Each structure stands twice: as C-alpha cells, then as structure tokens.
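*Asks:* Encoded as structure tokens, here's the structure I'll be asking about.
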Amino acid sequence: MMKIPGPRIAYIRWFPYTIPLRSHFSTAHNTLAMRTGAIVEMVSDNNLSGIGEIAPLPAFAGDDLPTALAPLSALSSELCGQTFLDALDFLYARARTLPATTVCGLESALLDALGKSMGCRVHELGVINAGVINAGVINAGVINAAPTPIAVNMVIGAMPVEDVVMRAREAVHAGYSCIKLKVGNARPEAEIARIAALREAVGPDVHLRLDANEAWTFAEAMQILTQCAPFTIQYVEQPLPARNLDEMRALRYNVAVPIAADEAVYDLESARRVLAHEAAHVLILKPQLAGGLHAGRQIISEATLHGVQCVITSTIETGVGIAGALHLATASPEVTLECGLATLHLLADDLLIDHFAPDHGFLAVPRGFGLGVRLDRNALAHYSTDRKDGV
C-alpha cells in the first residue's frame, strides 16, 4: 500500500448500544425485537474522527457482541500512533484472526477518517477494491457529482397473509420495484398460498424474492419452489441449511427458481466453497459478516469470474453500517440486482443527524466526505449500554 503522510490515531473508543425495533421482525431463525451492536470511533492527533459499526448476528455467523468487542482493547494499543493507512495494513494482515464484525467496524472507521483526511468519499478510495490507495483518481477536497443511486428492495417479515398483502401494496405505492418476503415458518401449502397472494397483490412487474433462512428440507424446497415457479420468483435465499452445499447444487439444477446463498456466505473462503460447489446463482453479501468492504469487493470479484451475481444486504444495523454497505454497492458496478439496504425504518433510531431513506426504491450514497454521515451523539448516549475507551 502506498504510504501517504497523514494524521495518526490518538485514541479509539466504542459505544455498545441496544436499540428496539419499531415492531417485531420475524424470520425462520427467530423474532427480532432489539438490535445490539457498537459504534466504534477513531480520533486522530489533529482531532479528525472516523466512525464504524460492529453489529454481529449470532444466528448467521456465530459471533456475538462480547466476542466481537473482546479484541478492541488490545487492538487499540497496537493501532494508536499509526497513520490511517498503516492501521489499514495492520488490520488487513490480521483479518483472518479477528471476528468479521470487528474487522468491518474498524475498517469502516479507518476509511471514514481516511476519506475525510483526503477530501473524498469512501467509495472513491481504491483501497476497498485492490488494497491500494489510488490517490491519483481523487479530486481531493471536492465533492464530485453524485453517483447513481442504488436500487433497493423492501423486506417483509414472516407474517400472516393479510399483513403481507398490506405491506406489499404500501411498498409498491412508495415506488419499490422489488419485494423480499421472509418464508420458512409455515407448512408448504400455507407458504405457497401466501406467495401466491403476494404476487397477485403486486402484479406481474414487481420483482419478488423469497428468503427461507435455512428452514426447508430438500423435499419441501422442491415442492414449494416447483409450485411457485409460475409466480416469477427472482430468487430464493438460503432454502436449505448452509452446510448442505451438495443439496443446494442439486436444488439449483432441479427447479426453475434461481438459488441464492446467504447464511452459507460469511467470508471469502465460504464464498469460494459455494462457488466451487456451483451451489447458487446469487451470493448474498453482508459486509458486517463478510469482514468489511475490502473483503466484500474480493467476494464480488471472484463471484463475477464464476458468472455468479452478488446482492449487498444489511444486518439491520444502524445508519453507520448501512452507509458503509451503500458505499460498497456504489463501488461495485458488477452488482446490478436490487440491494437489501432499505432496513433503517425497522429501527427506533438510526443514530444519525442527517437521515437518509429510499426514494421510490432507490438509496443515494451520502454526499459528505468519508462515509458522509454524522453521528447523533445524543441518540447514541440514549441507547448506549456502556462506553469503552482504548489508549
């Protein structure tokens, strides 16, 4: 990585939070009522700061928040005194030994601070593509023309058919052209009826996705997807348990509905296994669980070489994490399907001063330097459970 002199990290601190959802969100895994995570902040010797988010989902990758926060004290001692670029080198060299969400949060804070120090936005930093800062392409100190907004889907939780239809019609009225329905918590006949009602409610032109969160057996998946093929399903996420890659491959070649891998993709090596097994048409990429933006770009690049598409989605984190994922999507022209980043409305608070929300099914990257978002410190204090400081 080319070294560019700059500020040095003076201290690191992190703020665990617990934020309620506006209403319970049900999937085949569980019903989510609260979202826990932490905001991490790096402050330089010239008082420039960068923020990131650490937001594990134990049902997906196994890490919980205490596990993700445990390395921060030791990492703070090692990172303090380093430039942002040196700290990124250090972090990437140790990424495989750290929880993915820890890497994601620290990387985001470093990229936010680096973008601010160089006068550019995170998606303009070559580091998330190749691990090298390409300063020559950055018009430092100038906010360039806004990039094309990212198309996003509306997600509907596993709920009764009447509620599904109501939410779907609201989404279409708001301008969404893609809806994802959580499935996997009902008998096959009931699932098929609910999917049929949803398709009828939104008409033939809206893209329709299903997300089973590992809930089905092979036989159930064959039955449901075969009978749902006439409903023009864009794809179904993780219809089988993540470990069953051979069955995923068999399903891929025996049903007309495209298969997407979600829980089976949690880092570069797991993505490579899915690709090697030819187990999916689409990889669902969560930057939190993949280990950050640079790791996400690696997965997207390798998937593209295999002719497999990627979709970037959230873990229902706050606006800090969503902003990072949105920058990844903006930096990834290979990603052409709608992304699953329209989830901030699920939380009671996004922890931002300047809120950003989908407009007719599109989400625009914030315009400021770095991540482009400002932390609402009063809201963070309200939802914080404990503040921690590194050296």
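Numbering starts fresh at 1 for the residues of each chain in the structure tokens, the chains themselves are lettered A, B, ... in the order given, and ligands are numbered from 1 as they appear.
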If you count only C-alpha atoms, which residues fall within 8 Å of Ser177 (chain A), apart from same-chain ones fewer than 6 positions away, as JSON, numbers by chain?
*Replies:* {"A": [153, 205, 206, 207, 361]}
*Asks:* Could you name the residues that touch region 356-359 of chain A at 8 Å or less, counting only C-alpha atoms, but leaving out those on the same chain fewer than 3 positions away, as a PyMOL selection string?
*Replies:* chain A and resi 152+174-175+342+344+362-364+366
*Asks:* Could you write out that same residue set with C-alpha atoms as a PDB file, in the first residue's frame?
*Replies:*
ATOM      1  CA  VAL A 152     -33.069  -1.486  -3.096  1.00  0.00           C
ATOM      2  CA  ALA A 174     -43.883   4.024  -2.236  1.00  0.00           C
ATOM      3  CA  GLY A 175     -42.142   3.198  -5.502  1.00  0.00           C
ATOM      4  CA  ALA A 342     -33.716  -0.429   2.983  1.00  0.00           C
ATOM      5  CA  LEU A 344     -33.332   1.633   8.677  1.00  0.00           C
ATOM      6  CA  PHE A 362     -33.519   3.910  -4.671  1.00  0.00           C
ATOM      7  CA  LEU A 363     -30.998   4.799  -1.975  1.00  0.00           C
ATOM      8  CA  ALA A 364     -28.423   7.532  -2.646  1.00  0.00           C
ATOM      9  CA  PRO A 366     -24.479  10.313   1.409  1.00  0.00           C
TER      10      PRO A 366
END
*Asks:* Fewer than 3 positions away in the same chain doesn't count, so skip those; otherwise give me all residues within 6 Å of Ala109 (chain A), counting only C-alpha atoms, as a list of chain:residue names.
*Replies:*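 That gives A:Gly50, A:Ile51, A:Gly52, A:Leu106, A:Asp112.
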*Asks:* With N, CA and C atoms retained, export the selected residues as a PDB file, in the first residue's frame.
*Replies:*
ATOM      1  N   GLY A  50     -13.235   9.199  12.694  1.00  0.00           N
ATOM      2  CA  GLY A  50     -13.939   8.303  11.793  1.00  0.00           C
ATOM      3  C   GLY A  50     -14.767   7.333  12.606  1.00  0.00           C
ATOM      4  N   ILE A  51     -15.914   6.929  12.068  1.00  0.00           N
ATOM      5  CA  ILE A  51     -16.806   6.038  12.799  1.00  0.00           C
ATOM      6  C   ILE A  51     -17.106   4.781  11.984  1.00  0.00           C
ATOM      7  N   GLY A  52     -17.369   3.708  12.692  1.00  0.00           N
ATOM      8  CA  GLY A  52     -17.763   2.442  12.090  1.00  0.00           C
ATOM      9  C   GLY A  52     -18.740   1.738  13.008  1.00  0.00           C
ATOM     10  N   LEU A 106     -13.858  -1.601  12.471  1.00  0.00           N
ATOM     11  CA  LEU A 106     -12.597  -0.862  12.491  1.00  0.00           C
ATOM     12  C   LEU A 106     -12.240  -0.350  11.101  1.00  0.00           C
ATOM     13  N   ASP A 112     -13.574   5.972   6.874  1.00  0.00           N
ATOM     14  CA  ASP A 112     -14.279   7.233   7.106  1.00  0.00           C
ATOM     15  C   ASP A 112     -13.277   8.344   7.406  1.00  0.00           C
TER      16      ASP A 112
END
*Asks:* Using only C-alpha atoms, which of the listed residues (A:Gly296, A:Pro56, A:Gly105, A:Gly6) sits closest to Met42 (chain A)?
*Replies:*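 Smallest separation from Met42 (chain A) among the options: A:Gly105.
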*Asks:* Could you produce a table of the residues of region 139-179 of chain A lying within 10 Å of region 208-219 of chain A, with the nearest pair of atoms per residue and their separation in Å rounded to one decimal, using only C-alpha atoms, ordered by chain and increasing residue number, as CSV?
*Replies:*
residue,atom,partner,partner_atom,distance
A:Asn153,CA,A:Arg209,CA,9.0
A:Met154,CA,A:Leu208,CA,9.9
A:Val155,CA,A:Arg209,CA,9.1
A:Ile156,CA,A:Leu210,CA,9.7
A:Gly157,CA,A:Asp211,CA,9.5
A:Ala158,CA,A:Asp211,CA,9.5
A:Ser177,CA,A:Leu208,CA,8.7
A:Cys178,CA,A:Leu208,CA,5.9
A:Ile179,CA,A:Leu208,CA,5.1
*Asks:* Could you dump the residues just selected with N, CA and C atoms as a short mmCIF file (atom, residue, chain, number, x, y, z; two decimals), in the first residue's frame?
*Replies:*
data_model
loop_
_atom_site.label_atom_id
_atom_site.label_comp_id
_atom_site.auth_asym_id
_atom_site.auth_seq_id
_atom_site.Cartn_x
_atom_site.Cartn_y
_atom_site.Cartn_z
N ASN A 153 -34.47 -3.27 -2.30
CA ASN A 153 -35.74 -3.99 -2.13
C ASN A 153 -36.37 -3.65 -0.78
N MET A 154 -37.67 -3.82 -0.70
CA MET A 154 -38.38 -3.75 0.58
C MET A 154 -38.49 -5.16 1.13
N VAL A 155 -38.22 -5.32 2.41
CA VAL A 155 -38.31 -6.64 3.04
C VAL A 155 -39.57 -6.70 3.90
N ILE A 156 -40.28 -7.83 3.81
CA ILE A 156 -41.48 -8.07 4.61
C ILE A 156 -41.24 -9.31 5.44
N GLY A 157 -41.43 -9.20 6.74
CA GLY A 157 -41.18 -10.32 7.65
C GLY A 157 -42.21 -11.42 7.49
N ALA A 158 -41.93 -12.53 8.16
CA ALA A 158 -42.85 -13.68 8.15
C ALA A 158 -44.08 -13.31 8.98
N SER A 177 -39.72 -1.47 -6.60
CA SER A 177 -39.95 -2.40 -7.70
C SER A 177 -39.48 -3.81 -7.36
N CYS A 178 -39.07 -4.02 -6.09
CA CYS A 178 -38.59 -5.33 -5.65
C CYS A 178 -38.99 -5.54 -4.20
N ILE A 179 -39.57 -6.71 -3.91
CA ILE A 179 -40.01 -7.06 -2.55
C ILE A 179 -39.44 -8.41 -2.18
#
*Asks:* Would you mind reading off the distance between CA of Ala290 (chain A) and CA of Gly372 (chain A), one decimal, in Å?
*Replies:*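 Distance between the two atoms: 22.1 Å.
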*Asks:* Within 10 Å of Ser23 (chain A), counting only C-alpha atoms, which residues qualify if same-chain residues fewer than 4 places away don't, as a list in words?
*Replies:* Leu32, Ala33, Met34, Leu346, Leu347 and Ala348 of chain A
*Asks:* Take the residues just selected and output them with all heavy atoms as a PDB file, in the first residue's frame.
*Replies:*
ATOM      1  N   LEU A  32     -36.965 -10.885  16.001  1.00  0.00           N
ATOM      2  CA  LEU A  32     -36.039  -9.871  16.489  1.00  0.00           C
ATOM      3  C   LEU A  32     -36.822  -8.695  17.043  1.00  0.00           C
ATOM      4  O   LEU A  32     -37.660  -8.107  16.348  1.00  0.00           O
ATOM      5  CB  LEU A  32     -35.136  -9.416  15.337  1.00  0.00           C
ATOM      6  CG  LEU A  32     -33.914  -8.569  15.680  1.00  0.00           C
ATOM      7  CD1 LEU A  32     -32.931  -9.374  16.522  1.00  0.00           C
ATOM      8  CD2 LEU A  32     -33.236  -8.082  14.398  1.00  0.00           C
ATOM      9  N   ALA A  33     -36.558  -8.354  18.307  1.00  0.00           N
ATOM     10  CA  ALA A  33     -37.221  -7.221  18.942  1.00  0.00           C
ATOM     11  C   ALA A  33     -36.251  -6.088  19.251  1.00  0.00           C
ATOM     12  O   ALA A  33     -36.653  -4.925  19.332  1.00  0.00           O
ATOM     13  CB  ALA A  33     -37.898  -7.664  20.241  1.00  0.00           C
ATOM     14  N   MET A  34     -34.972  -6.425  19.444  1.00  0.00           N
ATOM     15  CA  MET A  34     -33.941  -5.446  19.765  1.00  0.00           C
ATOM     16  C   MET A  34     -32.735  -5.702  18.877  1.00  0.00           C
ATOM     17  O   MET A  34     -32.455  -6.840  18.496  1.00  0.00           O
ATOM     18  CB  MET A  34     -33.521  -5.555  21.240  1.00  0.00           C
ATOM     19  CG  MET A  34     -34.648  -5.576  22.254  1.00  0.00           C
ATOM     20  SD  MET A  34     -35.435  -3.970  22.475  1.00  0.00           S
ATOM     21  CE  MET A  34     -34.154  -3.095  23.369  1.00  0.00           C
ATOM     22  N   LEU A 346     -36.804  -0.097  10.184  1.00  0.00           N
ATOM     23  CA  LEU A 346     -37.140  -1.126  11.157  1.00  0.00           C
ATOM     24  C   LEU A 346     -36.703  -0.748  12.571  1.00  0.00           C
ATOM     25  O   LEU A 346     -37.256  -1.250  13.549  1.00  0.00           O
ATOM     26  CB  LEU A 346     -36.502  -2.459  10.763  1.00  0.00           C
ATOM     27  CG  LEU A 346     -36.942  -3.058   9.417  1.00  0.00           C
ATOM     28  CD1 LEU A 346     -36.114  -4.289   9.085  1.00  0.00           C
ATOM     29  CD2 LEU A 346     -38.426  -3.408   9.454  1.00  0.00           C
ATOM     30  N   LEU A 347     -35.705   0.133  12.694  1.00  0.00           N
ATOM     31  CA  LEU A 347     -35.153   0.505  13.994  1.00  0.00           C
ATOM     32  C   LEU A 347     -35.843   1.746  14.554  1.00  0.00           C
ATOM     33  O   LEU A 347     -36.270   2.625  13.798  1.00  0.00           O
ATOM     34  CB  LEU A 347     -33.658   0.783  13.880  1.00  0.00           C
ATOM     35  CG  LEU A 347     -32.752  -0.389  13.475  1.00  0.00           C
ATOM     36  CD1 LEU A 347     -31.315   0.097  13.308  1.00  0.00           C
ATOM     37  CD2 LEU A 347     -32.813  -1.493  14.521  1.00  0.00           C
ATOM     38  N   ALA A 348     -35.880   1.830  15.861  1.00  0.00           N
ATOM     39  CA  ALA A 348     -36.452   3.017  16.501  1.00  0.00           C
ATOM     40  C   ALA A 348     -35.605   4.246  16.251  1.00  0.00           C
ATOM     41  O   ALA A 348     -36.127   5.375  16.294  1.00  0.00           O
ATOM     42  CB  ALA A 348     -36.591   2.771  18.007  1.00  0.00           C
TER      43      ALA A 348
END
*Asks:* Need the shell around Leu114 (chain A): protein/DNA/RNA residues with any atom at most 8 Å away, counting only C-alpha atoms. Skip same-chain ones fewer than 6 positions apart. Format as a compact mmCIF listing (two decimals) with C-alpha atoms, in the first residue's frame?
*Replies:*
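The resulting selection21.txt:
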# COMPACT_ATOMS: atom_id res chain seq x y z
CA GLY A 50 -13.94 8.30 11.79
CA PHE A 84 -4.80 5.55 8.93
CA LEU A 85 -3.07 3.77 6.05
CA GLY A 370 -15.72 9.71 4.19
*Asks:* Calculated over only C-alpha atoms, which of the candidates A:Ala256, A:Ala113, A:Ala381, A:Ala329 has the smallest distance to Pro287 (chain A)?
*Replies:*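 Looking only at the distances to Pro287 (chain A), the closest residue turns out to be A:Ala329.
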*Asks:* Would you please work out which residue, of A:Ala271, A:Leu72, A:Leu240, A:Leu328, is nearest to Leu341 (chain A) when using only C-alpha atoms?
*Replies:*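 Of A:Ala271, A:Leu72, A:Leu240, A:Leu328, the one nearest Leu341 (chain A), counting only C-alpha atoms, is A:Leu328.
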*Asks:* Write down as a compact mmCIF listing (two decimals) with N, CA, C and O atoms, in the first residue's frame the residues belonging to region 61-166 of chain A that are assigned helix (DSSP H, G or I) by DSSP computed on the backbone.
*Replies:*
# COMPACT_ATOMS: atom_id res chain seq x y z
N ALA A 61 -23.51 -15.97 11.70
CA ALA A 61 -22.09 -16.33 11.65
C ALA A 61 -21.54 -16.84 12.97
O ALA A 61 -20.37 -17.21 13.04
N LEU A 65 -21.88 -10.10 20.34
CA LEU A 65 -21.25 -8.80 20.58
C LEU A 65 -20.07 -8.89 21.55
O LEU A 65 -19.02 -8.29 21.27
N PRO A 66 -20.17 -9.59 22.69
CA PRO A 66 -18.98 -9.68 23.56
C PRO A 66 -17.76 -10.25 22.83
O PRO A 66 -16.64 -9.78 23.04
N THR A 67 -17.97 -11.26 21.98
CA THR A 67 -16.86 -11.83 21.23
C THR A 67 -16.26 -10.80 20.28
O THR A 67 -15.04 -10.69 20.13
N ALA A 68 -17.12 -10.03 19.62
CA ALA A 68 -16.66 -9.03 18.66
C ALA A 68 -15.92 -7.88 19.34
O ALA A 68 -14.99 -7.30 18.76
N LEU A 69 -16.34 -7.52 20.55
CA LEU A 69 -15.71 -6.40 21.25
C LEU A 69 -14.46 -6.80 22.03
O LEU A 69 -13.62 -5.94 22.35
N LEU A 72 -10.88 -5.42 21.13
CA LEU A 72 -10.69 -4.00 20.88
C LEU A 72 -9.66 -3.34 21.79
O LEU A 72 -8.91 -2.46 21.36
N SER A 73 -9.61 -3.74 23.05
CA SER A 73 -8.64 -3.11 23.95
C SER A 73 -7.21 -3.35 23.49
O SER A 73 -6.39 -2.42 23.42
N ALA A 74 -6.90 -4.60 23.14
CA ALA A 74 -5.55 -4.92 22.67
C ALA A 74 -5.28 -4.25 21.33
O ALA A 74 -4.18 -3.72 21.10
N LEU A 75 -6.27 -4.26 20.44
CA LEU A 75 -6.08 -3.63 19.13
C LEU A 75 -5.86 -2.12 19.27
O LEU A 75 -5.08 -1.53 18.52
N SER A 76 -6.54 -1.51 20.23
CA SER A 76 -6.37 -0.08 20.44
C SER A 76 -4.91 0.25 20.77
O SER A 76 -4.35 1.23 20.26
N SER A 77 -4.31 -0.56 21.62
CA SER A 77 -2.92 -0.32 21.99
C SER A 77 -2.00 -0.40 20.78
O SER A 77 -1.02 0.34 20.67
N GLU A 78 -2.31 -1.31 19.86
CA GLU A 78 -1.45 -1.51 18.69
C GLU A 78 -1.72 -0.49 17.59
O GLU A 78 -0.82 -0.14 16.83
N LEU A 79 -2.95 -0.01 17.48
CA LEU A 79 -3.29 0.91 16.41
C LEU A 79 -2.96 2.36 16.73
O LEU A 79 -2.67 3.14 15.83
N PHE A 84 -3.63 6.32 9.36
CA PHE A 84 -4.80 5.55 8.93
C PHE A 84 -4.42 4.46 7.94
O PHE A 84 -4.94 3.34 8.00
N LEU A 85 -3.49 4.77 7.03
CA LEU A 85 -3.07 3.77 6.05
C LEU A 85 -2.32 2.63 6.70
O LEU A 85 -2.53 1.46 6.39
N ASP A 86 -1.40 2.96 7.61
CA ASP A 86 -0.67 1.90 8.31
C ASP A 86 -1.63 1.04 9.12
O ASP A 86 -1.47 -0.18 9.21
N ALA A 87 -2.62 1.68 9.73
CA ALA A 87 -3.60 0.93 10.52
C ALA A 87 -4.42 -0.01 9.64
O ALA A 87 -4.74 -1.13 10.04
N LEU A 88 -4.76 0.43 8.42
CA LEU A 88 -5.46 -0.46 7.49
C LEU A 88 -4.60 -1.66 7.12
O LEU A 88 -5.08 -2.80 7.08
N ASP A 89 -3.32 -1.41 6.83
CA ASP A 89 -2.39 -2.51 6.55
C ASP A 89 -2.39 -3.51 7.71
O ASP A 89 -2.46 -4.72 7.51
N PHE A 90 -2.27 -2.97 8.91
CA PHE A 90 -2.22 -3.80 10.12
C PHE A 90 -3.50 -4.62 10.25
O PHE A 90 -3.47 -5.83 10.52
N LEU A 91 -4.64 -3.98 10.03
CA LEU A 91 -5.93 -4.65 10.18
C LEU A 91 -6.10 -5.75 9.15
O LEU A 91 -6.52 -6.87 9.48
N TYR A 92 -5.80 -5.46 7.89
CA TYR A 92 -5.97 -6.46 6.84
C TYR A 92 -5.04 -7.65 7.05
O TYR A 92 -5.40 -8.80 6.74
N ALA A 93 -3.85 -7.40 7.58
CA ALA A 93 -2.91 -8.50 7.81
C ALA A 93 -3.39 -9.45 8.89
O ALA A 93 -3.01 -10.62 8.91
N ALA A 95 -6.79 -9.85 9.64
CA ALA A 95 -8.24 -10.00 9.49
C ALA A 95 -8.70 -11.43 9.75
O ALA A 95 -9.77 -11.65 10.35
N ARG A 96 -7.93 -12.42 9.34
CA ARG A 96 -8.38 -13.80 9.50
C ARG A 96 -8.37 -14.27 10.94
O ARG A 96 -8.98 -15.29 11.27
N THR A 97 -7.69 -13.55 11.81
CA THR A 97 -7.61 -13.95 13.22
C THR A 97 -8.63 -13.21 14.08
O THR A 97 -8.70 -13.46 15.28
N ALA A 100 -15.25 -11.21 12.13
CA ALA A 100 -15.52 -10.44 10.92
C ALA A 100 -16.14 -9.08 11.23
O ALA A 100 -15.81 -8.07 10.60
N THR A 101 -17.05 -9.03 12.20
CA THR A 101 -17.71 -7.77 12.50
C THR A 101 -16.75 -6.77 13.14
O THR A 101 -16.90 -5.56 12.97
N THR A 102 -15.76 -7.26 13.88
CA THR A 102 -14.72 -6.40 14.45
C THR A 102 -13.93 -5.74 13.33
O THR A 102 -13.69 -4.52 13.34
N VAL A 103 -13.54 -6.54 12.35
CA VAL A 103 -12.79 -6.01 11.21
C VAL A 103 -13.63 -5.00 10.45
O VAL A 103 -13.16 -3.91 10.09
N CYS A 104 -14.90 -5.32 10.24
CA CYS A 104 -15.78 -4.42 9.50
C CYS A 104 -15.89 -3.07 10.18
O CYS A 104 -15.78 -2.01 9.54
N GLY A 105 -16.11 -3.05 11.49
CA GLY A 105 -16.28 -1.80 12.21
C GLY A 105 -15.02 -0.96 12.22
O GLY A 105 -15.07 0.26 11.99
N LEU A 106 -13.86 -1.60 12.47
CA LEU A 106 -12.60 -0.86 12.49
C LEU A 106 -12.24 -0.35 11.10
O LEU A 106 -11.78 0.79 10.94
N GLU A 107 -12.44 -1.20 10.08
CA GLU A 107 -12.15 -0.77 8.71
C GLU A 107 -13.01 0.43 8.34
O GLU A 107 -12.51 1.40 7.74
N SER A 108 -14.29 0.39 8.66
CA SER A 108 -15.19 1.49 8.34
C SER A 108 -14.73 2.79 8.99
O SER A 108 -14.72 3.85 8.35
N ALA A 109 -14.36 2.72 10.26
CA ALA A 109 -13.88 3.92 10.96
C ALA A 109 -12.62 4.47 10.31
O ALA A 109 -12.45 5.69 10.15
N LEU A 110 -11.71 3.57 9.90
CA LEU A 110 -10.48 4.00 9.25
C LEU A 110 -10.76 4.61 7.88
O LEU A 110 -10.19 5.64 7.52
N LEU A 111 -11.64 3.98 7.11
CA LEU A 111 -11.97 4.52 5.79
C LEU A 111 -12.70 5.84 5.89
O LEU A 111 -12.49 6.76 5.08
N ASP A 112 -13.57 5.97 6.87
CA ASP A 112 -14.28 7.23 7.11
C ASP A 112 -13.28 8.34 7.41
O ASP A 112 -13.33 9.43 6.81
N ALA A 113 -12.36 8.06 8.32
CA ALA A 113 -11.36 9.05 8.69
C ALA A 113 -10.42 9.35 7.51
O ALA A 113 -10.06 10.50 7.26
N LEU A 114 -10.03 8.31 6.78
CA LEU A 114 -9.14 8.49 5.64
C LEU A 114 -9.80 9.32 4.55
O LEU A 114 -9.18 10.23 3.97
N GLY A 115 -11.07 9.03 4.26
CA GLY A 115 -11.78 9.82 3.27
C GLY A 115 -11.86 11.28 3.67
O GLY A 115 -11.66 12.19 2.85
N LYS A 116 -12.14 11.54 4.93
CA LYS A 116 -12.21 12.93 5.41
C LYS A 116 -10.85 13.61 5.28
O LYS A 116 -10.77 14.78 4.89
N SER A 117 -9.79 12.89 5.62
CA SER A 117 -8.45 13.49 5.58
C SER A 117 -8.00 13.77 4.15
O SER A 117 -7.21 14.68 3.91
N MET A 118 -8.50 12.97 3.17
CA MET A 118 -8.10 13.13 1.78
C MET A 118 -9.12 13.92 0.96
O MET A 118 -8.89 14.22 -0.20
N VAL A 122 -15.84 7.44 0.65
CA VAL A 122 -15.27 6.11 0.84
C VAL A 122 -15.25 5.31 -0.45
O VAL A 122 -14.25 4.64 -0.75
N HIS A 123 -16.31 5.37 -1.26
CA HIS A 123 -16.33 4.55 -2.47
C HIS A 123 -15.30 5.01 -3.50
O HIS A 123 -15.02 4.29 -4.46
N GLU A 124 -14.72 6.20 -3.31
CA GLU A 124 -13.69 6.69 -4.21
C GLU A 124 -12.29 6.24 -3.80
O GLU A 124 -11.34 6.49 -4.53
N VAL A 127 -8.66 1.59 -1.98
CA VAL A 127 -8.32 0.55 -1.01
C VAL A 127 -9.40 -0.52 -0.92
O VAL A 127 -9.10 -1.70 -0.70
N ILE A 128 -10.68 -0.16 -1.08
CA ILE A 128 -11.71 -1.19 -0.94
C ILE A 128 -11.76 -2.10 -2.16
O ILE A 128 -12.35 -3.16 -2.11
N ASN A 129 -11.10 -1.67 -3.26
CA ASN A 129 -11.04 -2.52 -4.44
C ASN A 129 -9.81 -3.39 -4.44
O ASN A 129 -9.88 -4.60 -4.59
N ALA A 130 -8.64 -2.79 -4.29
CA ALA A 130 -7.41 -3.53 -4.52
C ALA A 130 -6.47 -3.54 -3.33
O ALA A 130 -5.38 -4.10 -3.42
N ALA A 135 -4.48 7.50 -5.04
CA ALA A 135 -4.78 8.91 -4.79
C ALA A 135 -4.92 9.71 -6.08
O ALA A 135 -5.56 10.75 -6.11
N GLY A 136 -4.35 9.19 -7.16
CA GLY A 136 -4.39 9.93 -8.41
C GLY A 136 -5.78 10.11 -8.98
O GLY A 136 -5.99 11.00 -9.80
N VAL A 137 -6.72 9.27 -8.60
CA VAL A 137 -8.07 9.37 -9.17
C VAL A 137 -8.97 10.23 -8.30
O VAL A 137 -10.14 10.42 -8.61
N VAL A 161 -50.93 -13.62 5.96
CA VAL A 161 -51.08 -13.22 4.58
C VAL A 161 -51.72 -11.85 4.43
O VAL A 161 -51.35 -11.06 3.54
N GLU A 162 -52.67 -11.51 5.29
CA GLU A 162 -53.32 -10.21 5.19
C GLU A 162 -52.33 -9.08 5.41
O GLU A 162 -52.36 -8.05 4.71
N ASP A 163 -51.43 -9.26 6.38
CA ASP A 163 -50.41 -8.25 6.65
C ASP A 163 -49.39 -8.18 5.53
O ASP A 163 -48.90 -7.10 5.17
N VAL A 164 -49.03 -9.34 4.96
CA VAL A 164 -48.10 -9.36 3.84
C VAL A 164 -48.65 -8.55 2.67
O VAL A 164 -47.96 -7.72 2.07
N VAL A 165 -49.89 -8.78 2.33
CA VAL A 165 -50.52 -8.08 1.22
C VAL A 165 -50.57 -6.58 1.49
O VAL A 165 -50.26 -5.76 0.60
N MET A 166 -50.91 -6.19 2.70
CA MET A 166 -50.98 -4.77 3.04
C MET A 166 -49.61 -4.12 2.91
O MET A 166 -49.45 -3.05 2.30
*Asks:* Considering only C-alpha atoms, can you say which of A:Leu57, A:Leu305, A:Ala331, A:Ala146 comes closest to Arg367 (chain A)?
*Replies:*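 The answer is A:Ala146, which sits nearest to Arg367 (chain A).
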